[in-house]
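*Asks:* Here you go, one structure.
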Amino acid sequence: MRIQLISENDAIVLTDNRLDNRAHAWITLNGIDGLFGTPKPRETGIPIPQQDGSYWPSRLTGESRTITIKCAMARFSTVAAAQFRDRICALAYQPVTLLVEDTLGARTLTGWLADDPAPSMLLSLRAFTFTLIIYCPDPLKYGQPVTYTASGGVIRCQNPGTAATWPSVRISGHATSLTLSYAGHRVQWQGDAQNLALDFRDMIPSAGIVTYDDAFQIPSGGATVSAVAVGGGAASMTIRPAWR
(Lines give C-alpha, C1' and ligand atoms only; values in the text may rest on other atoms or scores of the structure.)
Protein backbone atom coordinates (compact mmCIF):
# COMPACT_ATOMS: atom_id res chain seq x y z
CA MET A 1 0.00 0.00 0.00
CA ARG A 2 1.22 3.48 -0.90
CA ILE A 3 -0.14 6.88 0.06
CA GLN A 4 1.05 10.01 -1.71
CA LEU A 5 0.57 13.38 -0.01
CA ILE A 6 0.46 15.89 -2.86
CA SER A 7 0.63 19.62 -2.16
CA GLU A 8 1.26 22.55 -4.47
CA ASN A 9 5.04 22.28 -4.16
CA ASP A 10 5.81 18.76 -2.98
CA ALA A 11 4.81 15.08 -3.07
CA ILE A 12 5.59 12.82 -0.12
CA VAL A 13 5.27 9.05 -0.48
CA LEU A 14 4.32 6.81 2.44
CA THR A 15 4.29 3.00 2.33
CA ASP A 16 3.44 0.09 4.60
CA ASN A 17 6.63 -1.67 3.46
CA ARG A 18 9.66 -0.51 5.41
CA LEU A 19 12.00 -1.97 2.77
CA ASP A 20 10.50 0.12 -0.07
CA ASN A 21 13.35 2.46 -1.00
CA ARG A 22 11.09 4.57 -3.22
CA ALA A 23 9.08 5.85 -0.25
CA HIS A 24 10.03 8.78 1.99
CA ALA A 25 8.59 7.24 5.19
CA TRP A 26 6.75 4.14 6.29
CA ILE A 27 3.38 3.70 7.97
CA THR A 28 3.63 2.08 11.38
CA LEU A 29 1.72 -1.07 12.36
CA ASN A 30 -2.00 -0.32 12.72
CA GLY A 31 -1.10 3.27 11.88
CA ILE A 32 -4.11 4.24 9.73
CA ASP A 33 -7.47 5.35 11.10
CA GLY A 34 -10.46 6.90 9.31
CA LEU A 35 -9.52 5.82 5.79
CA PHE A 36 -11.05 2.39 5.30
CA GLY A 37 -14.42 2.99 6.95
CA THR A 38 -17.03 5.67 6.30
CA PRO A 39 -18.03 8.65 8.50
CA LYS A 40 -21.17 8.41 10.61
CA PRO A 41 -24.41 10.14 9.53
CA ARG A 42 -25.01 13.67 10.77
CA GLU A 43 -28.72 13.15 11.39
CA THR A 44 -30.38 11.57 14.41
CA GLY A 45 -33.98 10.53 14.93
CA ILE A 46 -36.39 12.99 16.54
CA PRO A 47 -38.45 11.30 19.28
CA ILE A 48 -42.16 10.80 18.50
CA PRO A 49 -44.20 12.36 21.31
CA GLN A 50 -46.03 9.79 23.46
CA GLN A 51 -44.99 6.91 21.19
CA ASP A 52 -42.15 4.47 20.85
CA GLY A 53 -39.36 5.30 18.46
CA SER A 54 -38.41 8.37 16.46
CA TYR A 55 -39.20 10.15 13.21
CA TRP A 56 -36.99 9.47 10.22
CA PRO A 57 -34.98 12.49 8.99
CA SER A 58 -35.94 13.90 5.60
CA ARG A 59 -32.58 12.76 4.25
CA LEU A 60 -29.38 11.09 5.45
CA THR A 61 -26.03 12.80 4.95
CA GLY A 62 -22.50 11.98 6.07
CA GLU A 63 -20.03 13.79 8.28
CA SER A 64 -16.69 14.96 6.93
CA ARG A 65 -13.77 12.52 7.12
CA THR A 66 -10.74 12.74 9.43
CA ILE A 67 -7.80 10.50 8.54
CA THR A 68 -4.95 9.74 10.94
CA ILE A 69 -1.68 8.29 9.61
CA LYS A 70 1.11 7.37 12.02
CA CYS A 71 4.53 7.20 10.39
CA ALA A 72 8.22 6.81 11.01
CA MET A 73 11.32 7.61 8.99
CA ALA A 74 15.10 7.19 9.15
CA ARG A 75 17.95 8.85 7.27
CA PHE A 76 21.70 8.35 7.08
CA SER A 77 22.42 11.85 8.38
CA THR A 78 20.93 14.30 10.84
CA VAL A 79 20.75 16.95 8.11
CA ALA A 80 18.63 14.75 5.82
CA ALA A 81 16.30 13.92 8.72
CA ALA A 82 15.89 17.60 9.59
CA GLN A 83 15.19 18.50 5.96
CA PHE A 84 12.45 15.88 5.73
CA ARG A 85 10.97 17.17 8.99
CA ASP A 86 10.71 20.58 7.32
CA ARG A 87 8.88 19.00 4.37
CA ILE A 88 6.33 17.42 6.71
CA CYS A 89 5.70 20.70 8.53
CA ALA A 90 5.39 22.54 5.19
CA LEU A 91 2.18 20.61 4.45
CA ALA A 92 0.34 22.85 6.92
CA TYR A 93 -2.10 25.59 5.87
CA GLN A 94 -2.62 24.41 2.28
CA PRO A 95 -4.74 21.86 0.39
CA VAL A 96 -3.32 18.34 0.40
CA THR A 97 -4.44 15.54 -1.94
CA LEU A 98 -4.17 11.96 -0.70
CA LEU A 99 -3.59 9.45 -3.49
CA VAL A 100 -4.16 5.99 -2.00
CA GLU A 101 -2.91 3.00 -3.99
CA ASP A 102 -3.86 -0.48 -2.78
CA THR A 103 -5.53 -3.66 -4.06
CA LEU A 104 -8.60 -1.66 -5.17
CA GLY A 105 -6.53 0.64 -7.37
CA ALA A 106 -5.97 4.37 -6.99
CA ARG A 107 -8.41 6.61 -5.12
CA THR A 108 -8.05 10.23 -4.03
CA LEU A 109 -9.27 12.47 -1.23
CA THR A 110 -8.56 16.15 -0.64
CA GLY A 111 -8.22 17.99 2.65
CA TRP A 112 -5.76 19.80 4.86
CA LEU A 113 -3.48 19.10 7.82
CA ALA A 114 -5.74 19.53 10.83
CA ASP A 115 -3.15 19.34 13.62
CA ASP A 116 0.53 19.57 14.40
CA PRO A 117 2.32 16.50 12.94
CA ALA A 118 4.45 16.62 16.11
CA PRO A 119 7.69 15.09 14.81
CA SER A 120 9.39 13.27 17.68
CA MET A 121 13.13 13.03 17.06
CA LEU A 122 14.87 9.92 18.36
CA LEU A 123 18.16 10.12 20.27
CA SER A 124 20.30 9.70 17.15
CA LEU A 125 18.53 12.66 15.47
CA ARG A 126 18.55 10.59 12.26
CA ALA A 127 15.06 9.15 12.75
CA PHE A 128 11.72 10.40 14.01
CA THR A 129 8.04 9.52 14.22
CA PHE A 130 5.17 11.78 13.24
CA THR A 131 1.38 11.72 12.99
CA LEU A 132 -0.58 13.24 10.12
CA ILE A 133 -4.19 14.17 10.91
CA ILE A 134 -5.90 15.19 7.68
CA TYR A 135 -9.41 16.67 7.60
CA CYS A 136 -11.34 16.01 4.37
CA PRO A 137 -14.54 18.11 4.07
CA ASP A 138 -15.73 15.82 1.26
CA PRO A 139 -15.76 12.31 2.78
CA LEU A 140 -15.93 10.46 -0.53
CA LYS A 141 -13.01 8.67 -2.18
CA TYR A 142 -12.73 9.26 -5.93
CA GLY A 143 -11.32 7.18 -8.76
CA GLN A 144 -9.74 8.40 -11.98
CA PRO A 145 -12.09 10.54 -14.14
CA VAL A 146 -13.55 8.97 -17.27
CA THR A 147 -15.07 10.97 -20.16
CA TYR A 148 -18.11 9.78 -22.12
CA THR A 149 -19.11 11.35 -25.45
CA ALA A 150 -22.69 12.00 -26.57
CA SER A 151 -24.02 9.77 -29.33
CA GLY A 152 -27.49 10.04 -30.84
CA GLY A 153 -28.48 12.75 -28.37
CA VAL A 154 -27.63 10.74 -25.24
CA ILE A 155 -24.61 10.23 -23.00
CA ARG A 156 -24.29 6.73 -21.54
CA CYS A 157 -21.96 7.04 -18.55
CA GLN A 158 -20.80 4.62 -15.88
CA ASN A 159 -20.14 5.10 -12.17
CA PRO A 160 -18.58 1.88 -10.82
CA GLY A 161 -18.37 3.39 -7.33
CA THR A 162 -20.82 2.97 -4.45
CA ALA A 163 -21.88 6.63 -4.10
CA ALA A 164 -23.47 9.21 -6.41
CA THR A 165 -21.06 11.68 -7.96
CA TRP A 166 -21.32 15.13 -9.56
CA PRO A 167 -20.52 15.11 -13.30
CA SER A 168 -18.87 17.83 -15.36
CA VAL A 169 -19.88 18.65 -18.93
CA ARG A 170 -17.85 20.01 -21.81
CA ILE A 171 -18.77 21.16 -25.31
CA SER A 172 -15.87 20.79 -27.73
CA GLY A 173 -16.36 23.51 -30.31
CA HIS A 174 -18.99 26.23 -30.63
CA ALA A 175 -22.14 26.22 -28.50
CA THR A 176 -25.12 28.54 -28.13
CA SER A 177 -27.40 26.37 -25.99
CA LEU A 178 -27.29 23.11 -24.08
CA THR A 179 -29.99 21.02 -22.43
CA LEU A 180 -29.23 18.02 -20.23
CA SER A 181 -31.91 15.91 -18.57
CA TYR A 182 -32.01 12.79 -16.43
CA ALA A 183 -34.64 11.16 -14.20
CA GLY A 184 -36.91 14.22 -14.13
CA HIS A 185 -34.06 16.70 -13.59
CA ARG A 186 -33.04 19.28 -16.17
CA VAL A 187 -30.15 21.69 -16.71
CA GLN A 188 -30.25 24.37 -19.42
CA TRP A 189 -27.49 26.73 -20.52
CA GLN A 190 -27.45 29.59 -23.03
CA GLY A 191 -24.68 31.77 -24.37
CA ASP A 192 -22.09 31.97 -27.13
CA ALA A 193 -18.97 30.03 -26.22
CA GLN A 194 -16.09 28.00 -27.53
CA ASN A 195 -15.27 24.86 -25.55
CA LEU A 196 -17.86 25.36 -22.81
CA ALA A 197 -17.13 23.76 -19.42
CA LEU A 198 -19.74 23.30 -16.67
CA ASP A 199 -19.15 21.47 -13.40
CA PHE A 200 -22.37 20.34 -11.74
CA ARG A 201 -20.80 20.65 -8.28
CA ASP A 202 -20.88 24.47 -8.38
CA MET A 203 -22.90 25.11 -11.58
CA ILE A 204 -20.64 27.97 -12.67
CA PRO A 205 -20.16 27.82 -16.47
CA SER A 206 -16.98 28.98 -18.18
CA ALA A 207 -19.14 31.31 -20.30
CA GLY A 208 -22.81 32.21 -20.70
CA ILE A 209 -25.47 31.59 -18.07
CA VAL A 210 -27.39 28.65 -16.64
CA THR A 211 -31.06 29.40 -17.31
CA TYR A 212 -32.48 26.35 -15.54
CA ASP A 213 -30.61 24.80 -12.61
CA ASP A 214 -31.82 21.42 -11.43
CA ALA A 215 -28.41 19.79 -11.21
CA PHE A 216 -28.26 16.03 -10.76
CA GLN A 217 -25.71 13.45 -9.69
CA ILE A 218 -24.80 10.25 -11.50
CA PRO A 219 -25.83 7.36 -9.23
CA SER A 220 -23.85 4.23 -8.49
CA GLY A 221 -23.92 2.04 -11.58
CA GLY A 222 -24.35 4.82 -14.14
CA ALA A 223 -27.02 6.66 -16.10
CA THR A 224 -28.25 7.58 -19.58
CA VAL A 225 -28.39 11.37 -19.86
CA SER A 226 -30.20 13.19 -22.66
CA ALA A 227 -27.96 15.86 -24.19
CA VAL A 228 -29.05 18.44 -26.79
CA ALA A 229 -26.31 20.88 -27.86
CA VAL A 230 -26.91 23.66 -30.38
CA GLY A 231 -24.10 25.43 -32.20
CA GLY A 232 -22.13 22.61 -33.77
CA GLY A 233 -20.05 21.46 -30.80
CA ALA A 234 -19.86 17.92 -29.41
CA ALA A 235 -21.03 17.26 -25.86
CA SER A 236 -19.21 15.01 -23.40
CA MET A 237 -19.55 14.21 -19.70
CA THR A 238 -16.73 13.41 -17.28
CA ILE A 239 -17.43 11.16 -14.30
CA ARG A 240 -15.27 10.59 -11.22
CA PRO A 241 -16.36 7.28 -9.64
CA ALA A 242 -17.07 7.79 -5.94
CA TRP A 243 -16.89 5.47 -2.94
CA ARG A 244 -18.02 5.99 0.65
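All residue names refer to the C-alpha coordinates as shown: chains lettered A, B, ... in order, residues numbered from 1 in each chain, ligands numbered from 1 in order.
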Just list as a ChimeraX atom specification whatever in region 7-160 of chain A DSSP marks as strand (DSSP E).

*Replies:* /A:11-15,25-33,46-47,54-55,65-74,96-102,105-113,120-121,127-136,141-142,146-149,154-157

*Asks:* If you count only C-alpha atoms, which residues fall within 12 Å of His185 (chain A), apart from same-chain ones fewer than 6 positions away, as a list in words?

*Replies:*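 Neighbouring residues, sequence-local ones excluded: Thr179, Tyr212, Asp213, Asp214, Ala215, Phe216, Gln217, Ile218, Val225 and Ser226 of chain A.
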
*Asks:* What gap, in Å, lies between CA of Pro167 (chain A) and CA of Pro241 (chain A)?

*Replies:* 9.6 Å

*Asks:* Nearest to Arg156 (chain A): which of A:Ile6, A:Ala223, A:Cys89, A:Val230 is it, counting only C-alpha atoms?

*Replies:*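 Nearest to Arg156 (chain A): A:Ala223.
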
*Asks:* Neighbouring residues of Lys70 (chain A) were defined as those with any atom within 6 Å, considering only C-alpha atoms; residues of the same chain fewer than 6 positions away were excluded. Please report them as JSON, numbers by chain.

*Replies:* {"A": [27, 28, 31, 131]}

*Asks:* Excluding Gly111 (chain A) and its own-chain neighbours fewer than 3 positions away, which residues fall within 6 Å of it when counting only C-alpha atoms? Please give them as a PyMOL selection string.

*Replies:* chain A and resi 95-96+135-136

*Asks:* Can you tell me, as a list in words, what residues are no more than 8 Å from region 127-129 of chain A when counting only C-alpha atoms, ignoring any on the same chain fewer than 6 positions away?

*Replies:* Lys70, Cys71, Ala72, Met73, Ala74, Arg75, Ala81, Pro119, Ser120 and Met121 of chain A

*Asks:* Nearest residue to Ser168 (chain A) out of A:Arg201, A:Arg85, A:Lys141, A:Arg186, using only C-alpha atoms?

*Replies:* A:Arg201

*Asks:* One decimal, in Å: what's the spacing between CA of Ala229 (chain A) and CA of Ser177 (chain A)?

*Replies:*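 Going from CA of Ala229 (chain A) over to CA of Ser177 (chain A), I get 5.9 Å.
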
*Asks:* Between A:Val79, A:Val13, A:Leu198, A:Ala106, which one has atoms that come closest to Arg170 (chain A), using only C-alpha atoms?

*Replies:*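 Using only C-alpha atoms, the shortest distance to Arg170 (chain A) belongs to A:Leu198.
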
*Asks:* Need the shell around Glu101 (chain A): protein/DNA/RNA residues with any atom at most 7 Å away, counting only C-alpha atoms. Skip same-chain ones fewer than 4 positions apart. Format as a PyMOL selection string?

*Replies:* chain A and resi 1-3+105-107

*Asks:* How about saving the chosen residues, N, CA and C atoms kept, as a PDB file, in the first residue's frame?

*Replies:*
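Final output, out-v1.pdb:
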```
ATOM      1  N   MET A   1       0.836  -1.190   0.000  1.00  0.00           N
ATOM      2  CA  MET A   1       0.000   0.000   0.000  1.00  0.00           C
ATOM      3  C   MET A   1       0.877   1.249   0.000  1.00  0.00           C
ATOM      4  N   ARG A   2       0.503   2.205  -0.819  1.00  0.00           N
ATOM      5  CA  ARG A   2       1.223   3.478  -0.897  1.00  0.00           C
ATOM      6  C   ARG A   2       0.232   4.624  -0.759  1.00  0.00           C
ATOM      7  N   ILE A   3       0.647   5.659  -0.052  1.00  0.00           N
ATOM      8  CA  ILE A   3      -0.141   6.877   0.056  1.00  0.00           C
ATOM      9  C   ILE A   3       0.755   8.046  -0.328  1.00  0.00           C
ATOM     10  N   GLY A 105      -6.960  -0.339  -6.392  1.00  0.00           N
ATOM     11  CA  GLY A 105      -6.529   0.643  -7.372  1.00  0.00           C
ATOM     12  C   GLY A 105      -6.184   1.969  -6.716  1.00  0.00           C
ATOM     13  N   ALA A 106      -6.310   3.037  -7.479  1.00  0.00           N
ATOM     14  CA  ALA A 106      -5.965   4.374  -6.990  1.00  0.00           C
ATOM     15  C   ALA A 106      -7.230   5.179  -6.708  1.00  0.00           C
ATOM     16  N   ARG A 107      -7.293   5.750  -5.506  1.00  0.00           N
ATOM     17  CA  ARG A 107      -8.411   6.610  -5.124  1.00  0.00           C
ATOM     18  C   ARG A 107      -7.862   7.844  -4.411  1.00  0.00           C
TER      19      ARG A 107
END
```

*Asks:* Using Å and a single decimal, report how far CA of Ala118 (chain A) sits from CA of Thr38 (chain A).

*Replies:* 26.0 Å

*Asks:* For a quick check of understanding, using only C-alpha atoms, which of A:Ile88, A:Leu104, A:Leu98, A:Ala227 has the smallest distance to Asp116 (chain A)?

*Replies:*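 The answer is A:Ile88, which sits nearest to Asp116 (chain A).
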
*Asks:* Could you tell me which of A:Val210, A:Leu99, A:Ala90, A:Arg244 comes closest to Pro41 (chain A) if we count only C-alpha atoms?

*Replies:* A:Arg244

*Asks:* Would you mind telling me which residue in A:Val100, A:Tyr148, A:Pro139, A:Leu19 lies nearest to Gly37 (chain A) when using only C-alpha atoms?

*Replies:*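 For Gly37 (chain A), the nearest of the candidates is A:Pro139.
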
*Asks:* I want to know what sits within 7 Å of Tyr142 (chain A), based on only C-alpha atoms, with residues of the same chain fewer than 6 positions away left out; could you give that as a VMD selection string?

*Replies:* chain A and resid 107 to 109 240 to 243

*Asks:* Where in region 36-102 of chain A does DSSP assign alpha helix (DSSP H), given as number ranges by chain?

*Replies:* A: 78-89
